[in-house]
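Just entry_15.cif here, mmCIF, C-alpha atoms:
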data_target
loop_
_atom_site.group_PDB
_atom_site.id
_atom_site.type_symbol
_atom_site.label_atom_id
_atom_site.label_comp_id
_atom_site.auth_asym_id
_atom_site.auth_seq_id
_atom_site.Cartn_x
_atom_site.Cartn_y
_atom_site.Cartn_z
ATOM 1 C CA MET G 1 76.035 189.143 -60.370
ATOM 2 C CA ALA G 2 76.014 192.432 -62.251
ATOM 3 C CA GLU G 3 79.516 193.783 -62.753
ATOM 4 C CA ALA G 4 78.777 197.512 -62.566
ATOM 5 C CA LEU G 5 77.291 199.763 -59.943
ATOM 6 C CA GLY G 6 74.230 201.811 -60.686
ATOM 7 C CA ALA G 7 74.125 205.581 -60.885
ATOM 8 C CA ASN G 8 73.515 205.800 -57.152
ATOM 9 C CA GLY G 9 76.107 203.222 -56.192
ATOM 10 C CA GLY G 10 73.625 200.380 -55.732
ATOM 11 C CA LYS G 11 72.288 197.767 -58.128
ATOM 12 C CA PRO G 12 72.205 198.944 -61.753
ATOM 13 C CA SER G 13 68.618 199.663 -62.726
ATOM 14 C CA ILE G 14 67.127 198.410 -65.968
ATOM 15 C CA LEU G 15 63.845 199.665 -67.400
ATOM 16 C CA VAL G 16 62.310 196.902 -69.515
ATOM 17 C CA VAL G 17 59.780 198.241 -72.020
ATOM 18 C CA GLU G 18 57.883 195.230 -73.373
ATOM 19 C CA ASP G 19 54.178 194.552 -73.961
ATOM 20 C CA GLU G 20 54.418 190.747 -74.166
ATOM 21 C CA ALA G 21 53.759 189.551 -70.611
ATOM 22 C CA PRO G 22 55.598 186.177 -70.877
ATOM 23 C CA LEU G 23 58.739 187.816 -72.285
ATOM 24 C CA LEU G 24 58.548 190.610 -69.723
ATOM 25 C CA ALA G 25 58.398 188.036 -66.910
ATOM 26 C CA LEU G 26 61.322 186.089 -68.417
ATOM 27 C CA LEU G 27 63.463 189.213 -68.712
ATOM 28 C CA ARG G 28 62.675 190.326 -65.152
ATOM 29 C CA TYR G 29 63.560 186.881 -63.781
ATOM 30 C CA ASN G 30 66.903 186.715 -65.580
ATOM 31 C CA LEU G 31 67.872 190.312 -64.924
ATOM 32 C CA GLU G 32 67.127 190.015 -61.217
ATOM 33 C CA ARG G 33 69.156 186.790 -61.083
ATOM 34 C CA GLN G 34 72.072 188.782 -62.496
ATOM 35 C CA GLY G 35 71.765 191.348 -59.723
ATOM 36 C CA PHE G 36 69.929 194.134 -61.537
ATOM 37 C CA HIS G 37 67.061 196.206 -60.212
ATOM 38 C CA VAL G 38 64.210 195.953 -62.738
ATOM 39 C CA ASP G 39 61.405 198.370 -63.531
ATOM 40 C CA GLU G 40 58.750 197.731 -66.170
ATOM 41 C CA ALA G 41 56.661 199.575 -68.729
ATOM 42 C CA THR G 42 54.273 198.051 -71.250
ATOM 43 C CA ASP G 43 53.925 200.986 -73.651
ATOM 44 C CA GLY G 44 55.900 203.983 -74.822
ATOM 45 C CA GLN G 45 54.096 206.671 -72.823
ATOM 46 C CA GLU G 46 54.518 204.716 -69.613
ATOM 47 C CA ALA G 47 58.198 204.226 -70.422
ATOM 48 C CA LEU G 48 58.808 207.960 -70.831
ATOM 49 C CA LEU G 49 56.952 208.633 -67.587
ATOM 50 C CA ARG G 50 59.038 206.035 -65.706
ATOM 51 C CA ILE G 51 62.245 207.524 -67.078
ATOM 52 C CA ALA G 52 61.185 211.036 -66.031
ATOM 53 C CA GLU G 53 60.316 209.833 -62.524
ATOM 54 C CA ALA G 54 63.485 207.817 -61.937
ATOM 55 C CA LYS G 55 66.166 207.695 -64.613
ATOM 56 C CA PRO G 56 67.399 204.102 -65.020
ATOM 57 C CA ASP G 57 70.957 203.059 -65.866
ATOM 58 C CA LEU G 58 69.803 201.390 -69.093
ATOM 59 C CA VAL G 59 66.613 200.932 -71.125
ATOM 60 C CA LEU G 60 65.774 197.631 -72.794
ATOM 61 C CA LEU G 61 63.286 198.817 -75.386
ATOM 62 C CA ASP G 62 60.982 196.766 -77.608
ATOM 63 C CA TRP G 63 60.458 198.200 -81.099
ATOM 64 C CA MET G 64 56.835 197.077 -81.544
ATOM 65 C CA LEU G 65 54.810 198.741 -78.800
ATOM 66 C CA PRO G 66 51.151 199.825 -78.686
ATOM 67 C CA ALA G 67 50.352 203.489 -79.415
ATOM 68 C CA MET G 68 53.975 204.662 -79.572
ATOM 69 C CA SER G 69 56.741 202.636 -81.197
ATOM 70 C CA GLY G 70 60.077 201.963 -79.555
ATOM 71 C CA ILE G 71 61.682 204.037 -82.332
ATOM 72 C CA GLU G 72 59.675 207.084 -81.251
ATOM 73 C CA VAL G 73 60.424 206.428 -77.569
ATOM 74 C CA CYS G 74 64.139 206.297 -78.384
ATOM 75 C CA ARG G 75 63.857 209.484 -80.427
ATOM 76 C CA GLN G 76 62.229 211.315 -77.502
ATOM 77 C CA ILE G 77 64.843 209.983 -75.068
ATOM 78 C CA ARG G 78 67.586 211.455 -77.258
ATOM 79 C CA ARG G 79 65.792 214.809 -77.594
ATOM 80 C CA ARG G 80 65.663 215.409 -73.841
ATOM 81 C CA PRO G 81 68.844 216.844 -72.287
ATOM 82 C CA ALA G 82 68.421 214.802 -69.090
ATOM 83 C CA THR G 83 68.315 211.503 -70.991
ATOM 84 C CA ARG G 84 70.409 212.267 -74.066
ATOM 85 C CA ASP G 85 73.183 209.921 -72.850
ATOM 86 C CA LEU G 86 70.911 207.193 -71.439
ATOM 87 C CA PRO G 87 72.033 203.780 -72.794
ATOM 88 C CA VAL G 88 69.333 202.104 -74.916
ATOM 89 C CA ILE G 89 69.241 198.576 -76.318
ATOM 90 C CA MET G 90 66.529 198.043 -78.918
ATOM 91 C CA VAL G 91 64.839 194.639 -78.970
ATOM 92 C CA THR G 92 63.163 193.845 -82.261
ATOM 93 C CA ALA G 93 61.552 191.045 -84.218
ATOM 94 C CA ARG G 94 62.567 192.895 -87.380
ATOM 95 C CA THR G 95 65.672 191.293 -88.847
ATOM 96 C CA GLU G 96 66.315 193.247 -92.059
ATOM 97 C CA ASP G 97 69.603 195.127 -92.224
ATOM 98 C CA GLN G 98 67.849 198.435 -92.827
ATOM 99 C CA ASP G 99 65.801 197.953 -89.651
ATOM 100 C CA ALA G 100 68.953 197.550 -87.575
ATOM 101 C CA VAL G 101 70.467 200.632 -89.188
ATOM 102 C CA ARG G 102 67.265 202.611 -88.539
ATOM 103 C CA ALA G 103 67.338 201.643 -84.855
ATOM 104 C CA LEU G 104 70.951 202.797 -84.526
ATOM 105 C CA ASP G 105 70.318 205.980 -86.508
ATOM 106 C CA THR G 106 67.431 206.854 -84.200
ATOM 107 C CA GLY G 107 69.785 206.746 -81.226
ATOM 108 C CA ALA G 108 69.868 203.176 -79.923
ATOM 109 C CA ASP G 109 73.313 202.147 -78.679
ATOM 110 C CA ASP G 110 72.757 198.495 -79.553
ATOM 111 C CA TYR G 111 70.046 196.187 -80.838
ATOM 112 C CA ILE G 112 69.218 192.501 -80.578
ATOM 113 C CA ALA G 113 66.759 190.547 -82.717
ATOM 114 C CA LYS G 114 64.054 188.225 -81.410
ATOM 115 C CA PRO G 115 64.273 185.397 -80.710
ATOM 116 C CA PHE G 116 67.497 185.833 -78.779
ATOM 117 C CA ALA G 117 69.575 183.847 -76.316
ATOM 118 C CA VAL G 118 69.206 185.296 -72.830
ATOM 119 C CA GLU G 119 72.947 184.885 -72.230
ATOM 120 C CA ALA G 120 73.718 186.985 -75.322
ATOM 121 C CA LEU G 121 71.368 189.729 -74.162
ATOM 122 C CA MET G 122 72.928 189.761 -70.676
ATOM 123 C CA ALA G 123 76.386 190.079 -72.230
ATOM 124 C CA ARG G 124 75.250 193.068 -74.281
ATOM 125 C CA ILE G 125 73.698 194.725 -71.213
ATOM 126 C CA ARG G 126 76.825 194.225 -69.104
ATOM 127 C CA ALA G 127 79.074 195.498 -71.904
ATOM 128 C CA LEU G 128 77.003 198.646 -72.445
ATOM 129 C CA LEU G 129 76.822 199.351 -68.710
ATOM 130 C CA ARG G 130 80.592 198.973 -68.417
ATOM 131 C CA ARG G 131 81.108 201.410 -71.277
ATOM 132 C CA SER G 132 78.673 203.988 -69.933
ATOM 133 C CA SER G 133 79.930 203.797 -66.327
ATOM 134 C CA THR G 134 83.668 203.820 -67.008
ATOM 135 C CA VAL G 135 85.240 206.862 -65.390
ATOM 136 C CA ALA G 136 87.701 208.462 -67.745
ATOM 137 C CA ALA G 137 91.075 209.652 -66.559
ATOM 138 C CA LYS G 138 90.910 213.203 -65.236
ATOM 139 C CA GLY G 139 91.875 215.867 -67.701
ATOM 140 C CA SER G 140 90.994 216.847 -71.226
ATOM 141 C CA LEU G 141 91.760 215.959 -74.824
ATOM 142 C CA SER G 142 91.952 218.305 -77.763
ATOM 143 C CA TYR G 143 92.395 218.129 -81.501
ATOM 144 C CA GLN G 144 92.079 221.138 -83.799
ATOM 145 C CA ASP G 145 89.117 223.068 -82.359
ATOM 146 C CA LEU G 146 87.650 220.001 -80.616
ATOM 147 C CA VAL G 147 87.970 219.916 -76.821
ATOM 148 C CA MET G 148 86.836 217.009 -74.631
ATOM 149 C CA ASP G 149 86.499 217.665 -70.889
ATOM 150 C CA GLN G 150 86.707 214.129 -69.515
ATOM 151 C CA ASP G 151 85.814 215.168 -65.971
ATOM 152 C CA ALA G 152 82.608 216.917 -67.009
ATOM 153 C CA HIS G 153 81.942 214.488 -69.880
ATOM 154 C CA ARG G 154 81.496 217.421 -72.258
ATOM 155 C CA VAL G 155 82.703 218.110 -75.768
ATOM 156 C CA THR G 156 82.941 221.463 -77.518
ATOM 157 C CA ARG G 157 84.018 222.523 -80.988
ATOM 158 C CA GLY G 158 85.026 226.113 -81.507
ATOM 159 C CA GLY G 159 83.432 226.877 -78.144
ATOM 160 C CA ARG G 160 79.994 225.471 -78.985
ATOM 161 C CA ALA G 161 78.683 222.495 -77.016
ATOM 162 C CA LEU G 162 78.279 219.216 -78.878
ATOM 163 C CA HIS G 163 75.705 216.593 -77.941
ATOM 164 C CA LEU G 164 76.948 213.019 -78.285
ATOM 165 C CA GLY G 165 75.392 209.718 -77.306
ATOM 166 C CA PRO G 166 77.463 207.439 -75.027
ATOM 167 C CA THR G 167 78.833 205.327 -77.876
ATOM 168 C CA GLU G 168 79.747 208.355 -79.979
ATOM 169 C CA TYR G 169 81.456 209.899 -76.944
ATOM 170 C CA ARG G 170 83.618 206.826 -76.403
ATOM 171 C CA LEU G 171 84.362 206.585 -80.107
ATOM 172 C CA LEU G 172 85.481 210.212 -80.216
ATOM 173 C CA GLU G 173 87.472 209.783 -77.002
ATOM 174 C CA PHE G 174 89.347 206.888 -78.582
ATOM 175 C CA PHE G 175 90.024 208.868 -81.765
ATOM 176 C CA MET G 176 91.186 211.927 -79.799
ATOM 177 C CA SER G 177 93.553 209.733 -77.804
ATOM 178 C CA HIS G 178 95.102 208.554 -81.101
ATOM 179 C CA PRO G 179 94.795 211.439 -83.593
ATOM 180 C CA ARG G 180 95.686 210.877 -87.247
ATOM 181 C CA ARG G 181 96.021 207.117 -86.755
ATOM 182 C CA VAL G 182 93.865 204.938 -89.019
ATOM 183 C CA PHE G 183 91.854 202.197 -87.309
ATOM 184 C CA THR G 184 90.030 199.343 -88.980
ATOM 185 C CA ARG G 185 86.415 198.618 -88.112
ATOM 186 C CA GLU G 186 87.574 195.532 -86.212
ATOM 187 C CA GLN G 187 90.001 197.597 -84.125
ATOM 188 C CA LEU G 188 87.293 200.129 -83.330
ATOM 189 C CA LEU G 189 84.896 197.362 -82.307
ATOM 190 C CA ASP G 190 87.485 195.911 -79.920
ATOM 191 C CA ALA G 191 88.391 199.295 -78.444
ATOM 192 C CA VAL G 192 84.942 200.848 -78.119
ATOM 193 C CA TRP G 193 82.497 197.942 -77.936
ATOM 194 C CA GLY G 194 84.775 195.333 -76.338
ATOM 195 C CA ARG G 195 86.002 191.883 -77.290
ATOM 196 C CA ASP G 196 83.365 190.003 -75.291
ATOM 197 C CA ILE G 197 80.396 190.984 -77.432
ATOM 198 C CA HIS G 198 79.528 190.358 -81.069
ATOM 199 C CA VAL G 199 78.606 193.494 -82.981
ATOM 200 C CA GLU G 200 78.240 193.694 -86.758
ATOM 201 C CA LEU G 201 80.857 195.721 -88.637
ATOM 202 C CA ARG G 202 78.150 197.928 -90.126
ATOM 203 C CA THR G 203 77.440 199.167 -86.588
ATOM 204 C CA VAL G 204 80.761 201.039 -86.724
ATOM 205 C CA ASP G 205 79.703 202.798 -89.945
ATOM 206 C CA VAL G 206 76.390 203.864 -88.398
ATOM 207 C CA HIS G 207 78.065 205.353 -85.323
ATOM 208 C CA ILE G 208 80.756 207.046 -87.419
ATOM 209 C CA ARG G 209 77.956 208.693 -89.410
ATOM 210 C CA ARG G 210 76.275 209.820 -86.183
ATOM 211 C CA LEU G 211 79.600 211.110 -84.823
ATOM 212 C CA ARG G 212 80.237 213.097 -88.008
ATOM 213 C CA LYS G 213 76.785 214.657 -87.781
ATOM 214 C CA ALA G 214 77.357 215.594 -84.132
ATOM 215 C CA ILE G 215 80.778 217.222 -84.494
ATOM 216 C CA ASN G 216 80.655 218.768 -87.975
ATOM 217 C CA GLY G 217 78.651 221.930 -88.501
ATOM 218 C CA ASP G 218 77.678 223.223 -91.938
ATOM 219 C CA SER G 219 80.858 225.276 -92.305
ATOM 220 C CA ASP G 220 83.213 222.986 -90.351
ATOM 221 C CA THR G 221 85.975 220.840 -91.747
ATOM 222 C CA ASP G 222 85.093 217.151 -91.575
ATOM 223 C CA LEU G 223 87.502 215.824 -88.952
ATOM 224 C CA ILE G 224 86.723 212.143 -89.593
ATOM 225 C CA ARG G 225 88.697 210.734 -92.505
ATOM 226 C CA THR G 226 87.464 207.614 -94.282
ATOM 227 C CA VAL G 227 90.314 205.531 -95.672
ATOM 228 C CA ARG G 228 89.046 203.242 -98.410
ATOM 229 C CA SER G 229 89.555 199.531 -97.615
ATOM 230 C CA ALA G 230 91.256 200.488 -94.351
ATOM 231 C CA GLY G 231 89.024 202.272 -91.845
ATOM 232 C CA TYR G 232 88.699 205.659 -90.157
ATOM 233 C CA ALA G 233 90.890 208.297 -88.546
ATOM 234 C CA LEU G 234 90.548 211.589 -86.735
ATOM 235 C CA ASP G 235 92.491 213.605 -89.276
ATOM 236 C CA ALA G 236 91.718 217.113 -90.518
ATOM 237 C CA GLU G 237 94.353 216.844 -93.233
ATOM 238 C CA GLY G 238 92.732 213.903 -95.021
#

Spit out the file's structure as structure tokens when you get a sec.
Amino acid sequence: MAEALGANGGKPSILVVEDEAPLLALLRYNLERQGFHVDEATDGQEALLRIAEAKPDLVLLDWMLPAMSGIEVCRQIRRRPATRDLPVIMVTARTEDQDAVRALDTGADDYIAKPFAVEALMARIRALLRRSSTVAAKGSLSYQDLVMDQDAHRVTRGGRALHLGPTEYRLLEFFMSHPRRVFTREQLLDAVWGRDIHVELRTVDVHIRRLRKAINGDSDTDLIRTVRSAGYALDAEG
């Protein structure tokens, strides 16, 4: 059974965007067996329409779609305020490192290459849903001019609102809970992604880059310190 509740307290809802009918049927069967509610779209325009009509808890998005690619769908999801934080897993037959980095840079929270083991995909879905649905302790965190309102799930810097994806939010929350401490990529993976899912180390670098872009304006001090051969820290004095 699915381990998390959906946005409305019922079954978590998954929108599967896939144009290959056999794979779509396989995914629906396995997701429903795991206790998820499943909706379907076979192209990018239909996917965006489905999301606008009823926002799912997670989108399982194929890269290669007719008319509009999964990359463009993901880009549009991230541009819209109502779906900026919507968890997205990109499914792709493209296996080059630069393709994975492009998917993450576009806004995907995770990716998995075809062909994949269904059990591995289910683990990734459950892990991402747990991360996105975890209720943070009430209160706020601050460092320098960064303020995180954990109740409202909002972050500001110098009074201006910052827009972070769900993974970047959790990454920043972890850093702000441990300011000035250096963490290795492995430690960040365990803390932010979880021990029960395999994620490549380069994924950390991609999300650090996205976090930097989100929190650092043109005239701002870079608050993320890179420590060569060690890792990263939230440290304005680096």

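Excluding range 139-147 of chain G and any residue on its chain fewer than 5 positions from it, the residues at most 10 Å away by all atoms listed in the file are Ala152, His153, Arg154, Val155, Thr156, Arg157, Gly158, Gly159, Arg160, Ala161, Leu162, Glu173, Phe175, Met176, Ser177, His178, Pro179, Arg180, Ile215, Asp220, Leu223, Leu234, Asp235 and Ala236 of chain G.
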
Exercise. Compare G:Leu129, G:Met68, G:Ala25, G:Leu211 by their minimum atom-to-atom distance to Gly194 in chain G, counting all atoms listed in the file, and give me the closest one.
Key: G:Leu129

With range 108-114 of chain G as the partner and 9 Å as the cut-off, tabulate the residues of range 128-194 of chain G that qualify, each row holding the nearest pair of atoms and their distance in Å to one decimal, using all atoms listed in the file, sorted by chain and rising number, as a Markdown table.
| residue | atom | partner | partner_atom | distance |
| --- | --- | --- | --- | --- |
| G:Leu128 | CA | G:Asp109 | CA | 8.0 |
| G:Gly165 | CA | G:Asp109 | CA | 8.0 |
| G:Pro166 | CA | G:Asp109 | CA | 7.7 |
| G:Thr167 | CA | G:Asp109 | CA | 6.4 |

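Nearest residue to Leu24 in chain G among G:Ala103, G:Ala41, G:Leu48, G:Ala120 is G:Ala41, counting all atoms listed in the file.
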
Might I get the box with edges along x, y and z of the file that holds all atoms of range 57-67 of chain G listed there, padded by 8 Å on every side, given as centre and edge lengths in Å to one decimal, as AutoDock Vina command-line options?
--center_x 60.7 --center_y 200.1 --center_z -73.7 --size_x 36.6 --size_y 22.7 --size_z 31.7

Quiz item: Between G:Asp151, G:Leu27, G:Val204, G:Leu171, which one has atoms that come closest to Phe116 in chain G, using all atoms listed in the file?
Solution: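 Ranking G:Asp151, G:Leu27, G:Val204, G:Leu171 by distance to Phe116 in chain G, first place goes to G:Leu27.
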
Quiz item: Using only C-alpha atoms, which residue out of G:Phe174, G:Phe36, G:Tyr169, G:Trp63 lies closest to Glu20 in chain G?
Solution: G:Trp63

Quiz prompt | Selection result of the PyMOL selection byres ((chain G and resi 39) around 8) on this file, as an NGL selection string | solution = :G and (13-16 or 37-38 or 40-41)

Quiz prompt | Option closest in space to His207 in chain G, from G:Glu18, G:Glu168, G:Asp99, G:Glu237 [counting all atoms listed in the file] | solution = G:Glu168

For Thr184 in chain G: contacts at 8 Å, all atoms listed in the file, fewer than 4 positions along chain excluded, given as a PDB file with C-alpha atoms, in the frame of the given file:
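Below is the file that was written, part07.pdb:
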ATOM      1  CA  LEU G 188      87.293 200.129 -83.330  1.00  0.00           C
ATOM      2  CA  ALA G 230      91.256 200.488 -94.351  1.00  0.00           C
ATOM      3  CA  GLY G 231      89.024 202.272 -91.845  1.00  0.00           C
ATOM      4  CA  TYR G 232      88.699 205.659 -90.157  1.00  0.00           C
TER       5      TYR G 232
END

Practice problem: Work out how far apart CA of Pro87 in chain G and CA of Leu60 in chain G are and give it in Å to one decimal. | Solution: 8.8 Å

Exercise. Could you expand the PyMOL selection byres ((chain G and resi 73) around 9) into the explicit residues it covers here, written as an MDAnalysis selection string?
Key: chainID G and resid 44:45 47:48 61 63 68:72 74:78
